[in-house]
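Engineer: Contents are PDB, C-alpha atoms; file name my_file_26.pdb:
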ATOM      1  CA  MET I 135      -1.032 -17.273  15.337
ATOM      2  CA  PRO I 136       1.884 -14.946  14.444
ATOM      3  CA  GLU I 137       2.589 -11.919  16.583
ATOM      4  CA  TYR I 138       2.557  -8.672  14.649
ATOM      5  CA  THR I 139       4.916  -5.809  15.410
ATOM      6  CA  ARG I 140       3.039  -3.209  13.352
ATOM      7  CA  PHE I 141      -0.311  -2.833  11.635
ATOM      8  CA  ALA I 142      -1.399  -0.901   8.551
ATOM      9  CA  VAL I 143      -4.602  -0.204   6.662
ATOM     10  CA  TYR I 144      -4.192  -0.773   2.956
ATOM     11  CA  TYR I 145      -6.219  -1.200  -0.173
ATOM     12  CA  ALA I 146      -5.723  -4.719  -1.496
ATOM     13  CA  PRO I 147      -7.697  -6.175  -4.407
ATOM     14  CA  ALA I 148     -10.303  -8.847  -3.790
ATOM     15  CA  PRO I 149      -9.307 -12.415  -4.662
ATOM     16  CA  GLY I 150      -9.209 -13.019  -8.393
ATOM     17  CA  PRO I 151      -6.918 -12.967 -11.444
ATOM     18  CA  PHE I 152      -5.708  -9.392 -10.864
ATOM     19  CA  ALA I 153      -4.767 -10.050  -7.234
ATOM     20  CA  ASP I 154      -3.205 -13.404  -8.118
ATOM     21  CA  PHE I 155      -1.023 -11.975 -10.879
ATOM     22  CA  CYS I 156       0.203  -9.045  -8.805
ATOM     23  CA  ALA I 157       1.063 -11.318  -5.878
ATOM     24  CA  SER I 158       3.013 -13.505  -8.297
ATOM     25  CA  TRP I 159       4.717 -10.465  -9.828
ATOM     26  CA  LEU I 160       5.967  -9.362  -6.399
ATOM     27  CA  GLY I 161       6.708 -12.902  -5.246
ATOM     28  CA  TRP I 162       4.705 -12.686  -1.992
ATOM     29  CA  ASP I 163       1.028 -13.482  -1.446
ATOM     30  CA  ALA I 164       0.030 -11.477   1.635
ATOM     31  CA  ALA I 165      -3.440 -13.052   1.705
ATOM     32  CA  LEU I 166      -2.015 -16.559   1.956
ATOM     33  CA  GLY I 167       1.087 -15.506   3.881
ATOM     34  CA  ARG I 168       3.547 -17.307   1.641
ATOM     35  CA  PRO I 169       5.864 -16.771  -1.338
ATOM     36  CA  SER I 170       4.298 -16.839  -4.791
ATOM     37  CA  PRO I 171       6.257 -18.061  -7.837
ATOM     38  CA  HIS I 172       7.173 -15.259 -10.241
ATOM     39  CA  PRO I 173       5.611 -15.290 -13.724
ATOM     40  CA  ASP I 174       7.829 -15.757 -16.743
ATOM     41  CA  ILE I 175       7.820 -12.379 -18.517
ATOM     42  CA  PRO I 176      10.281 -11.953 -21.395
ATOM     43  CA  GLY I 177      12.049  -8.681 -21.997
ATOM     44  CA  LEU I 178      12.736  -7.518 -18.450
ATOM     45  CA  PRO I 179      16.042  -5.664 -17.920
ATOM     46  CA  ARG I 180      16.915  -7.581 -14.743
ATOM     47  CA  PRO I 181      15.650 -10.725 -12.990
ATOM     48  CA  LEU I 182      12.162 -10.136 -11.617
ATOM     49  CA  THR I 183      13.262 -11.139  -8.126
ATOM     50  CA  GLU I 184      15.647  -8.134  -8.190
ATOM     51  CA  ILE I 185      13.132  -5.723  -9.723
ATOM     52  CA  THR I 186      10.563  -6.460  -7.005
ATOM     53  CA  GLN I 187      12.872  -7.007  -4.032
ATOM     54  CA  THR I 188      12.044  -3.754  -2.204
ATOM     55  CA  PRO I 189       8.209  -3.881  -2.296
ATOM     56  CA  ARG I 190       7.927  -7.676  -1.994
ATOM     57  CA  LYS I 191       7.606  -8.037   1.788
ATOM     58  CA  TYR I 192       4.691  -5.585   1.948
ATOM     59  CA  GLY I 193       2.502  -7.535  -0.468
ATOM     60  CA  PHE I 194       0.539  -5.940  -3.287
ATOM     61  CA  HIS I 195      -1.247  -2.942  -1.828
ATOM     62  CA  ALA I 196      -1.861   0.779  -1.770
ATOM     63  CA  THR I 197      -1.255   2.529   1.534
ATOM     64  CA  LEU I 198      -4.163   4.273   3.243
ATOM     65  CA  LYS I 199      -2.908   4.381   6.850
ATOM     66  CA  PRO I 200       0.827   3.642   6.949
ATOM     67  CA  PRO I 201       2.347   0.997   9.249
ATOM     68  CA  PHE I 202       2.250   1.863  12.940
ATOM     69  CA  ARG I 203       2.809   0.262  16.325
ATOM     70  CA  LEU I 204      -0.262  -0.095  18.515
ATOM     71  CA  THR I 205      -0.926   1.942  21.629
ATOM     72  CA  GLY I 206      -3.690  -0.418  22.741
ATOM     73  CA  THR I 207      -5.019  -3.780  21.611
ATOM     74  CA  ARG I 208      -5.561  -5.331  18.218
ATOM     75  CA  ALA I 209      -9.172  -6.027  19.180
ATOM     76  CA  ALA I 210      -9.823  -2.317  19.770
ATOM     77  CA  LEU I 211      -8.249  -1.439  16.426
ATOM     78  CA  GLU I 212     -10.386  -4.037  14.677
ATOM     79  CA  ARG I 213     -13.570  -2.710  16.284
ATOM     80  CA  ASP I 214     -12.811   0.834  15.174
ATOM     81  CA  LEU I 215     -11.816  -0.285  11.693
ATOM     82  CA  ALA I 216     -15.054  -2.233  11.279
ATOM     83  CA  ALA I 217     -17.059   0.791  12.426
ATOM     84  CA  LEU I 218     -15.134   3.055  10.051
ATOM     85  CA  ALA I 219     -15.761   0.774   7.073
ATOM     86  CA  ALA I 220     -19.459   0.657   7.934
ATOM     87  CA  ARG I 221     -19.789   4.427   7.519
ATOM     88  CA  LEU I 222     -17.501   5.018   4.515
ATOM     89  CA  ALA I 223     -18.673   4.669   0.919
ATOM     90  CA  PRO I 224     -16.500   3.105  -1.789
ATOM     91  CA  ALA I 225     -14.514   5.258  -4.205
ATOM     92  CA  GLN I 226     -14.782   4.488  -7.912
ATOM     93  CA  MET I 227     -12.604   5.630 -10.800
ATOM     94  CA  PRO I 228     -12.442   4.633 -14.478
ATOM     95  CA  GLY I 229      -9.430   2.370 -14.133
ATOM     96  CA  LEU I 230      -5.732   1.992 -13.360
ATOM     97  CA  ALA I 231      -2.703   3.082 -15.387
ATOM     98  CA  LEU I 232       0.840   1.744 -15.315
ATOM     99  CA  THR I 233       2.795   4.825 -14.247
ATOM    100  CA  ARG I 234       6.362   5.796 -13.524
ATOM    101  CA  LEU I 235       6.554   7.540 -10.135
ATOM    102  CA  GLY I 236      10.053   8.866  -9.609
ATOM    103  CA  ALA I 237      12.348   5.861  -9.834
ATOM    104  CA  PHE I 238       9.727   3.110  -9.579
ATOM    105  CA  LEU I 239       6.665   1.797 -11.427
ATOM    106  CA  ALA I 240       3.196   1.693  -9.908
ATOM    107  CA  LEU I 241      -0.459   1.475 -10.827
ATOM    108  CA  THR I 242      -2.307   4.751 -10.307
ATOM    109  CA  PRO I 243      -6.013   5.508 -10.705
ATOM    110  CA  THR I 244      -7.338   7.405 -13.683
ATOM    111  CA  GLY I 245      -9.990  10.093 -13.486
ATOM    112  CA  ASP I 246     -11.132  12.102 -10.469
ATOM    113  CA  THR I 247      -9.486  10.867  -7.246
ATOM    114  CA  GLU I 248     -11.026  13.393  -4.839
ATOM    115  CA  ARG I 249     -13.325  10.837  -3.177
ATOM    116  CA  LEU I 250     -10.401   8.435  -2.811
ATOM    117  CA  SER I 251      -8.253  11.105  -1.155
ATOM    118  CA  GLU I 252     -11.100  11.892   1.257
ATOM    119  CA  LEU I 253     -11.425   8.195   2.110
ATOM    120  CA  ALA I 254      -7.685   7.919   2.801
ATOM    121  CA  ALA I 255      -7.659  11.073   4.951
ATOM    122  CA  GLU I 256     -10.580   9.864   7.051
ATOM    123  CA  THR I 257      -8.888   6.494   7.537
ATOM    124  CA  VAL I 258      -5.770   8.249   8.832
ATOM    125  CA  ARG I 259      -7.774  10.503  11.171
ATOM    126  CA  ALA I 260     -10.265   7.962  12.504
ATOM    127  CA  LEU I 261      -7.679   5.358  13.511
ATOM    128  CA  ASP I 262      -4.936   7.656  14.756
ATOM    129  CA  ARG I 263      -5.667   7.051  18.426
ATOM    130  CA  HIS I 264      -4.312   3.530  17.911
ATOM    131  CA  ARG I 265      -0.946   4.749  16.593
ATOM    132  CA  ALA I 266       2.084   4.917  18.867
ATOM    133  CA  PRO I 267       4.369   7.887  18.115
ATOM    134  CA  PRO I 268       7.336   7.205  15.816
ATOM    135  CA  THR I 269      10.731   6.764  17.394
ATOM    136  CA  ALA I 270      13.521   9.321  17.027
ATOM    137  CA  ALA I 271      15.254   6.965  14.583
ATOM    138  CA  GLU I 272      12.124   6.681  12.462
ATOM    139  CA  LEU I 273      11.695  10.449  12.379
ATOM    140  CA  ALA I 274      15.326  10.929  11.386
ATOM    141  CA  ARG I 275      15.013   8.380   8.569
ATOM    142  CA  ARG I 276      11.942  10.131   7.189
ATOM    143  CA  ARG I 277      13.615  13.521   7.354
ATOM    144  CA  ASN I 278      16.525  12.245   5.277
ATOM    145  CA  ALA I 279      14.132  12.465   2.313
ATOM    146  CA  ARG I 280      14.226  16.297   2.412
ATOM    147  CA  LEU I 281      10.580  16.785   3.243
ATOM    148  CA  SER I 282       8.537  19.771   2.145
ATOM    149  CA  PRO I 283       6.980  21.964   4.874
ATOM    150  CA  SER I 284       3.613  20.232   4.507
ATOM    151  CA  GLN I 285       5.239  16.793   4.633
ATOM    152  CA  GLU I 286       7.141  17.807   7.756
ATOM    153  CA  ALA I 287       3.866  18.953   9.332
ATOM    154  CA  ASN I 288       2.242  15.624   8.422
ATOM    155  CA  LEU I 289       5.137  13.746   9.971
ATOM    156  CA  ASP I 290       4.752  15.697  13.209
ATOM    157  CA  ARG I 291       0.953  15.310  13.333
ATOM    158  CA  TRP I 292       0.283  11.918  11.747
ATOM    159  CA  GLY I 293       3.620  10.094  11.978
ATOM    160  CA  TYR I 294       4.059   9.899   8.186
ATOM    161  CA  PRO I 295       4.843  12.562   5.569
ATOM    162  CA  TYR I 296       2.727  11.388   2.629
ATOM    163  CA  VAL I 297      -0.821  11.734   3.930
ATOM    164  CA  MET I 298      -3.584  14.326   3.662
ATOM    165  CA  GLN I 299      -2.690  16.900   0.965
ATOM    166  CA  ASP I 300       0.529  14.977   0.186
ATOM    167  CA  PHE I 301      -1.266  11.660  -0.371
ATOM    168  CA  ARG I 302      -1.100   9.948  -3.750
ATOM    169  CA  PHE I 303      -2.763   6.568  -4.127
ATOM    170  CA  HIS I 304      -0.487   4.049  -5.840
ATOM    171  CA  LEU I 305       0.054   0.305  -6.015
ATOM    172  CA  THR I 306       3.818  -0.227  -6.068
ATOM    173  CA  LEU I 307       5.188  -2.753  -8.565
ATOM    174  CA  THR I 308       8.974  -2.283  -8.476
ATOM    175  CA  GLY I 309      11.872  -0.970  -6.512
ATOM    176  CA  ARG I 310      14.127   1.794  -7.826
ATOM    177  CA  LEU I 311      14.990   1.512 -11.508
ATOM    178  CA  SER I 312      17.020   3.639 -13.871
ATOM    179  CA  PRO I 313      14.949   5.466 -16.509
ATOM    180  CA  ALA I 314      15.977   2.936 -19.161
ATOM    181  CA  GLN I 315      15.205  -0.022 -16.894
ATOM    182  CA  ALA I 316      11.838   1.472 -15.937
ATOM    183  CA  GLU I 317      10.847   1.903 -19.583
ATOM    184  CA  GLN I 318      11.978  -1.612 -20.483
ATOM    185  CA  THR I 319      10.063  -3.058 -17.523
ATOM    186  CA  ARG I 320       6.958  -1.062 -18.430
ATOM    187  CA  ALA I 321       7.102  -2.273 -22.026
ATOM    188  CA  ALA I 322       7.410  -5.915 -20.939
ATOM    189  CA  LEU I 323       4.749  -5.752 -18.216
ATOM    190  CA  ALA I 324       2.086  -3.570 -19.838
ATOM    191  CA  PRO I 325       0.654  -6.072 -22.365
ATOM    192  CA  VAL I 326       0.538  -8.850 -19.748
ATOM    193  CA  LEU I 327      -1.133  -6.664 -17.141
ATOM    194  CA  ALA I 328      -3.584  -4.795 -19.402
ATOM    195  CA  PRO I 329      -6.284  -7.512 -19.665
ATOM    196  CA  LEU I 330      -6.257  -7.996 -15.885
ATOM    197  CA  LEU I 331      -6.725  -4.365 -14.851
ATOM    198  CA  PRO I 332     -10.132  -3.625 -13.301
ATOM    199  CA  ALA I 333     -12.375  -1.189 -15.171
ATOM    200  CA  PRO I 334     -13.955   0.527 -13.400
ATOM    201  CA  PHE I 335     -11.565   0.479 -10.459
ATOM    202  CA  ARG I 336     -13.259   0.478  -7.047
ATOM    203  CA  VAL I 337     -11.762   0.835  -3.608
ATOM    204  CA  ASP I 338     -14.512  -1.055  -1.830
ATOM    205  CA  ALA I 339     -12.787  -2.370   1.297
ATOM    206  CA  LEU I 340     -10.242  -1.426   3.941
ATOM    207  CA  SER I 341      -7.705  -4.202   4.485
ATOM    208  CA  LEU I 342      -5.936  -4.692   7.784
ATOM    209  CA  PHE I 343      -2.342  -5.869   7.340
ATOM    210  CA  GLY I 344       0.048  -7.009  10.043
ATOM    211  CA  GLU I 345       3.834  -7.058   9.964
ATOM    212  CA  ALA I 346       5.176 -10.299  11.392
ATOM    213  CA  SER I 347       8.377 -10.409  13.429
ATOM    214  CA  ASP I 348      10.315 -11.428  10.297
ATOM    215  CA  GLY I 349       9.254  -8.219   8.510
ATOM    216  CA  TRP I 350       6.753  -9.801   6.105
ATOM    217  CA  PHE I 351       3.257  -8.329   5.870
ATOM    218  CA  HIS I 352       0.093 -10.432   6.014
ATOM    219  CA  LEU I 353      -3.454  -9.535   4.990
ATOM    220  CA  LEU I 354      -5.499 -10.181   8.134
ATOM    221  CA  HIS I 355      -9.002  -9.081   7.171
ATOM    222  CA  ARG I 356     -10.894  -7.096   4.530
ATOM    223  CA  TYR I 357     -13.592  -4.746   5.839
ATOM    224  CA  ALA I 358     -16.157  -3.991   3.134
ATOM    225  CA  LEU I 359     -17.134  -0.360   2.665
ATOM    226  CA  THR I 360     -20.817   0.518   2.673
ATOM    227  CA  ASP I 361     -22.579   1.510  -0.554
TER     228      ASP I 361
END
Write the structure described by the file as structure tokens, please.

Structural biologist:
Amino acid sequence: MPEYTRFAVYYAPAPGPFADFCASWLGWDAALGRPSPHPDIPGLPRPLTEITQTPRKYGFHATLKPPFRLTGTRAALERDLAALAARLAPAQMPGLALTRLGAFLALTPTGDTERLSELAAETVRALDRHRAPPTAAELARRRNARLSPSQEANLDRWGYPYVMQDFRFHLTLTGRLSPAQAEQTRAALAPVLAPLLPAPFRVDALSLFGEASDGWFHLLHRYALTD
């Protein structure tokens, strides 16, 4: 069994055509722990392996509790994560939209996301006792992004800037692209992805991911939320 240097709690789709396509798009299947051949999609501005290089190693996911080193044992984390999932209800929204976020493309939920934000915040809070503090180097790297006051406060309290009021649920699909490249990628991907997008979209499980020593993330277990 691989040793994992960090753990994270993500949303990852259940097995099926949507999950399979997105793993293939990125080129890494975190559930199987192996590379996935890219699909052939005409009209992209650059080779797909370049477009998806940055997010590939993380697998297809949306961050709920960002990667962290453990203060205790994996078994203790798993017990608390199972208990958390047993008391949290799923969040449901009408669907997902292909969206440009800054310099990259992602899928974002449509409709009211208040319940989803509450779910993410509780995941951060409930599991925080398992998180080792970030190193000075990690803090410095985060602060290079010119954080807002609230993001700086999140970094100090939770070890990551983009949680709580600064959280935005998104499923990353690309690395940084120029505006023209982003639009060309969106135009090529949208018609292929559209019939696979879930409607409604439900976050119905918390997925534990582990980062192996080579930097690649693996889906270790999905904990179903309780209706």

Engineer: Against region 323-334 of chain I, which residues of region 181-274 of chain I fall within 12 Å? For each one I want the closest pair of atoms and the distance in Å (one decimal), counting all atoms listed in the file, rows by chain and increasing residue number, as a tab-separated table.

Structural biologist:
residue	atom	partner	partner_atom	distance
I:Leu182	CA	I:Leu323	CA	10.8
I:Ile185	CA	I:Leu323	CA	11.9
I:Ala225	CA	I:Pro334	CA	10.4
I:Gln226	CA	I:Pro334	CA	6.8
I:Met227	CA	I:Pro334	CA	5.9
I:Pro228	CA	I:Pro334	CA	4.5
I:Gly229	CA	I:Ala333	CA	4.7
I:Leu230	CA	I:Leu331	CA	6.6
I:Ala231	CA	I:Leu331	CA	8.5
I:Leu232	CA	I:Ala324	CA	7.1
I:Thr233	CA	I:Ala324	CA	10.1
I:Leu239	CA	I:Leu323	CA	10.3
I:Ala240	CA	I:Leu323	CA	11.3
I:Leu241	CA	I:Leu331	CA	9.5
I:Thr242	CA	I:Leu331	CA	11.1
I:Pro243	CA	I:Pro334	CA	9.8
I:Thr244	CA	I:Pro334	CA	9.5
I:Gly245	CA	I:Pro334	CA	10.4

Engineer: Give, as lines of an AutoDock Vina configuration file, the centre coordinates and the x, y and z edge lengths in Å to one decimal for an axis-aligned box around all listed atoms of region 318-321 of chain I, padded by 6 Å on each side.

Structural biologist:
center_x = 9.5
center_y = -2.1
center_z = -19.8
size_x = 17.0
size_y = 14.0
size_z = 16.5

Engineer: For the provided coordinates, the residues matched by the PyMOL selection byres ((chain I and resi 288) around 12) should be stated as a list in words.

Structural biologist: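 What the PyMOL selection byres ((chain I and resi 288) around 12) grabs from the file is Ala255, Val258, Arg259, Leu273, Arg276, Arg277, Leu281, Ser282, Pro283, Ser284, Gln285, Glu286, Ala287, Leu289, Asp290, Arg291, Trp292, Gly293, Tyr294, Pro295, Tyr296, Val297, Met298, Gln299, Asp300 and Phe301 of chain I.
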
Engineer: Applied to this file, what does the PyMOL selection byres ((chain I and resi 316) around 10) return in terms of residues, put as a list of chain:residue names?

Structural biologist: I:Leu178, I:Pro179, I:Ile185, I:Thr233, I:Arg234, I:Leu235, I:Gly236, I:Ala237, I:Phe238, I:Leu239, I:Thr308, I:Gly309, I:Arg310, I:Leu311, I:Ser312, I:Pro313, I:Ala314, I:Gln315, I:Glu317, I:Gln318, I:Thr319, I:Arg320, I:Ala321, I:Ala322

Engineer: Report, in Å to a single decimal, how far apart CA of Glu212 (chain I) and CA of Leu342 (chain I) are.

Structural biologist: 8.2 Å

Engineer: Which residue out of I:Val337, I:Ala164, I:Ala219, I:Ala274 has the minimum interatomic distance to Gly349 (chain I) when all atoms listed in the file are used?

Structural biologist: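 Using all atoms listed in the file, the shortest distance to Gly349 (chain I) belongs to I:Ala164.
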
Engineer: Using only C-alpha atoms, which protein or nucleic acid residues come within 7 Å of Glu345 (chain I)? Drop anything in the same chain fewer than 6 positions from it, and give the result as a list in words.

Structural biologist: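 Close residues of Glu345 (chain I): Tyr138, Thr139, Arg140, Phe141, Phe351 and His352 of chain I.
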
Engineer: Go ahead and dump the residues you just picked, C-alpha atoms, as an mmCIF file, in the coordinates of the input.

Structural biologist:
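As written to disk, result.cif reads:
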data_model
loop_
_atom_site.group_PDB
_atom_site.id
_atom_site.type_symbol
_atom_site.label_atom_id
_atom_site.label_comp_id
_atom_site.auth_asym_id
_atom_site.auth_seq_id
_atom_site.Cartn_x
_atom_site.Cartn_y
_atom_site.Cartn_z
ATOM 1 C CA TYR I 138 2.557 -8.672 14.649
ATOM 2 C CA THR I 139 4.916 -5.809 15.410
ATOM 3 C CA ARG I 140 3.039 -3.209 13.352
ATOM 4 C CA PHE I 141 -0.311 -2.833 11.635
ATOM 5 C CA PHE I 351 3.257 -8.329 5.870
ATOM 6 C CA HIS I 352 0.093 -10.432 6.014
#

Engineer: One decimal, in Å: what's the spacing between CA of Pro267 (chain I) and CA of Tyr357 (chain I)?

Structural biologist: 25.2 Å

Engineer: So, with all atoms listed in the file as the atoms that count, which of I:Leu307, I:Pro268, I:Arg356, I:Ala254 lies closest to Ser158 (chain I)?

Structural biologist: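 Of I:Leu307, I:Pro268, I:Arg356, I:Ala254, the one nearest Ser158 (chain I), counting all atoms listed in the file, is I:Leu307.
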
Engineer: Given the file shown, determine the residues that the PyMOL selection byres ((chain I and resi 264) around 12) selects; report them as a PyMOL selection string.

Structural biologist: chain I and resi 140-143+199+201-215+257-263+265-267+292-293

Engineer: If I take CA of Ala339 (chain I) and CA of Pro224 (chain I), how far is one from the other in Å, to one decimal?

Structural biologist: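 CA of Ala339 (chain I) sits 7.3 Å away from CA of Pro224 (chain I).
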
Engineer: Just checking: using only C-alpha atoms, which residue out of I:Asp163, I:Ala146, I:Asp174, I:Lys191 ends up closest to Ser341 (chain I)?

Structural biologist: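 Among the listed residues, the smallest separation from Ser341 (chain I) belongs to I:Ala146.
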
Engineer: Taking into account all atoms listed in the file, which residue in the set I:Thr186, I:Thr197, I:Asn278, I:Thr269 is nearest to Cys156 (chain I)?

Structural biologist: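 The answer is I:Thr186, which sits nearest to Cys156 (chain I).
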
Engineer: Looking at all atoms listed in the file, which of I:Leu305, I:Leu160, I:Arg336, I:Ala223 is the one that sits closest to Pro181 (chain I)?

Structural biologist: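 Answer, going by the shortest atom-to-atom distance: I:Leu160.
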
Engineer: Neighbours of Gly161 (chain I) within 8 Å (all atoms listed in the file; same-chain residues fewer than 2 positions away dropped), as a PyMOL selection string?

Structural biologist: chain I and resi 157-159+163+169-172+183+186+190

Engineer: Here is a test: counting only C-alpha atoms, which residue of I:Pro147, I:Gly344, I:Ala358, I:Gly167 is nearest to Phe194 (chain I)?

Structural biologist: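 Of all the options, I:Pro147 lies closest to Phe194 (chain I).
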
Engineer: Could you add whatever atoms are missing so that region 290-311 of chain I carries N, CA, C and O atoms, then write the result as a JSON list (two decimals), in the frame of the given file?

Structural biologist:
[["chain", "number", "residue", "atom", "x", "y", "z"],
["I", 290, "ASP", "N", 4.94, 15.31, 11.81],
["I", 290, "ASP", "CA", 4.75, 15.70, 13.21],
["I", 290, "ASP", "C", 3.36, 15.31, 13.71],
["I", 290, "ASP", "O", 3.21, 14.84, 14.84],
["I", 291, "ARG", "N", 2.33, 15.52, 12.89],
["I", 291, "ARG", "CA", 0.95, 15.31, 13.33],
["I", 291, "ARG", "C", 0.48, 13.88, 13.19],
["I", 291, "ARG", "O", -0.20, 13.34, 14.06],
["I", 292, "TRP", "N", 0.85, 13.23, 12.06],
["I", 292, "TRP", "CA", 0.28, 11.92, 11.75],
["I", 292, "TRP", "C", 1.31, 10.80, 11.73],
["I", 292, "TRP", "O", 0.96, 9.65, 11.49],
["I", 293, "GLY", "N", 2.59, 11.12, 11.94],
["I", 293, "GLY", "CA", 3.62, 10.09, 11.98],
["I", 293, "GLY", "C", 4.11, 9.63, 10.62],
["I", 293, "GLY", "O", 4.90, 8.68, 10.53],
["I", 294, "TYR", "N", 3.69, 10.32, 9.54],
["I", 294, "TYR", "CA", 4.06, 9.90, 8.19],
["I", 294, "TYR", "C", 3.92, 11.10, 7.27],
["I", 294, "TYR", "O", 2.94, 11.85, 7.38],
["I", 295, "PRO", "N", 4.88, 11.33, 6.36],
["I", 295, "PRO", "CA", 4.84, 12.56, 5.57],
["I", 295, "PRO", "C", 3.78, 12.59, 4.48],
["I", 295, "PRO", "O", 3.25, 13.66, 4.14],
["I", 296, "TYR", "N", 3.46, 11.41, 3.90],
["I", 296, "TYR", "CA", 2.73, 11.39, 2.63],
["I", 296, "TYR", "C", 1.25, 11.06, 2.85],
["I", 296, "TYR", "O", 0.72, 10.08, 2.29],
["I", 297, "VAL", "N", 0.61, 11.86, 3.67],
["I", 297, "VAL", "CA", -0.82, 11.73, 3.93],
["I", 297, "VAL", "C", -1.48, 13.09, 3.69],
["I", 297, "VAL", "O", -0.82, 14.08, 3.37],
["I", 298, "MET", "N", -2.80, 13.11, 3.83],
["I", 298, "MET", "CA", -3.58, 14.33, 3.66],
["I", 298, "MET", "C", -3.28, 14.97, 2.30],
["I", 298, "MET", "O", -3.38, 14.30, 1.29],
["I", 299, "GLN", "N", -2.89, 16.23, 2.25],
["I", 299, "GLN", "CA", -2.69, 16.90, 0.96],
["I", 299, "GLN", "C", -1.50, 16.34, 0.19],
["I", 299, "GLN", "O", -1.36, 16.57, -1.02],
["I", 300, "ASP", "N", -0.63, 15.57, 0.85],
["I", 300, "ASP", "CA", 0.53, 14.98, 0.19],
["I", 300, "ASP", "C", 0.31, 13.51, -0.17],
["I", 300, "ASP", "O", 1.25, 12.81, -0.56],
["I", 301, "PHE", "N", -0.93, 13.05, -0.06],
["I", 301, "PHE", "CA", -1.27, 11.66, -0.37],
["I", 301, "PHE", "C", -1.40, 11.46, -1.87],
["I", 301, "PHE", "O", -2.00, 12.29, -2.57],
["I", 302, "ARG", "N", -0.85, 10.38, -2.37],
["I", 302, "ARG", "CA", -1.10, 9.95, -3.75],
["I", 302, "ARG", "C", -1.27, 8.44, -3.75],
["I", 302, "ARG", "O", -0.34, 7.69, -3.43],
["I", 303, "PHE", "N", -2.45, 7.99, -4.11],
["I", 303, "PHE", "CA", -2.76, 6.57, -4.13],
["I", 303, "PHE", "C", -1.94, 5.89, -5.22],
["I", 303, "PHE", "O", -1.95, 6.31, -6.37],
["I", 304, "HIS", "N", -1.24, 4.81, -4.85],
["I", 304, "HIS", "CA", -0.49, 4.05, -5.84],
["I", 304, "HIS", "C", -0.25, 2.63, -5.34],
["I", 304, "HIS", "O", -0.10, 2.40, -4.14],
["I", 305, "LEU", "N", -0.22, 1.71, -6.28],
["I", 305, "LEU", "CA", 0.05, 0.30, -6.02],
["I", 305, "LEU", "C", 1.45, 0.01, -6.56],
["I", 305, "LEU", "O", 1.66, -0.09, -7.77],
["I", 306, "THR", "N", 2.41, -0.12, -5.67],
["I", 306, "THR", "CA", 3.82, -0.23, -6.07],
["I", 306, "THR", "C", 4.11, -1.58, -6.72],
["I", 306, "THR", "O", 3.70, -2.63, -6.21],
["I", 307, "LEU", "N", 4.86, -1.54, -7.82],
["I", 307, "LEU", "CA", 5.19, -2.75, -8.56],
["I", 307, "LEU", "C", 6.68, -3.06, -8.61],
["I", 307, "LEU", "O", 7.06, -4.20, -8.89],
["I", 308, "THR", "N", 7.53, -2.06, -8.37],
["I", 308, "THR", "CA", 8.97, -2.28, -8.48],
["I", 308, "THR", "C", 9.71, -1.49, -7.40],
["I", 308, "THR", "O", 9.15, -0.60, -6.76],
["I", 309, "GLY", "N", 10.96, -1.82, -7.25],
["I", 309, "GLY", "CA", 11.87, -0.97, -6.51],
["I", 309, "GLY", "C", 12.44, 0.10, -7.44],
["I", 309, "GLY", "O", 11.90, 0.33, -8.54],
["I", 310, "ARG", "N", 13.52, 0.73, -7.03],
["I", 310, "ARG", "CA", 14.13, 1.79, -7.83],
["I", 310, "ARG", "C", 14.75, 1.22, -9.10],
["I", 310, "ARG", "O", 15.45, 0.21, -9.06],
["I", 311, "LEU", "N", 14.46, 1.91, -10.21],
["I", 311, "LEU", "CA", 14.99, 1.51, -11.51],
["I", 311, "LEU", "C", 15.55, 2.75, -12.19],
["I", 311, "LEU", "O", 15.07, 3.86, -11.99]]
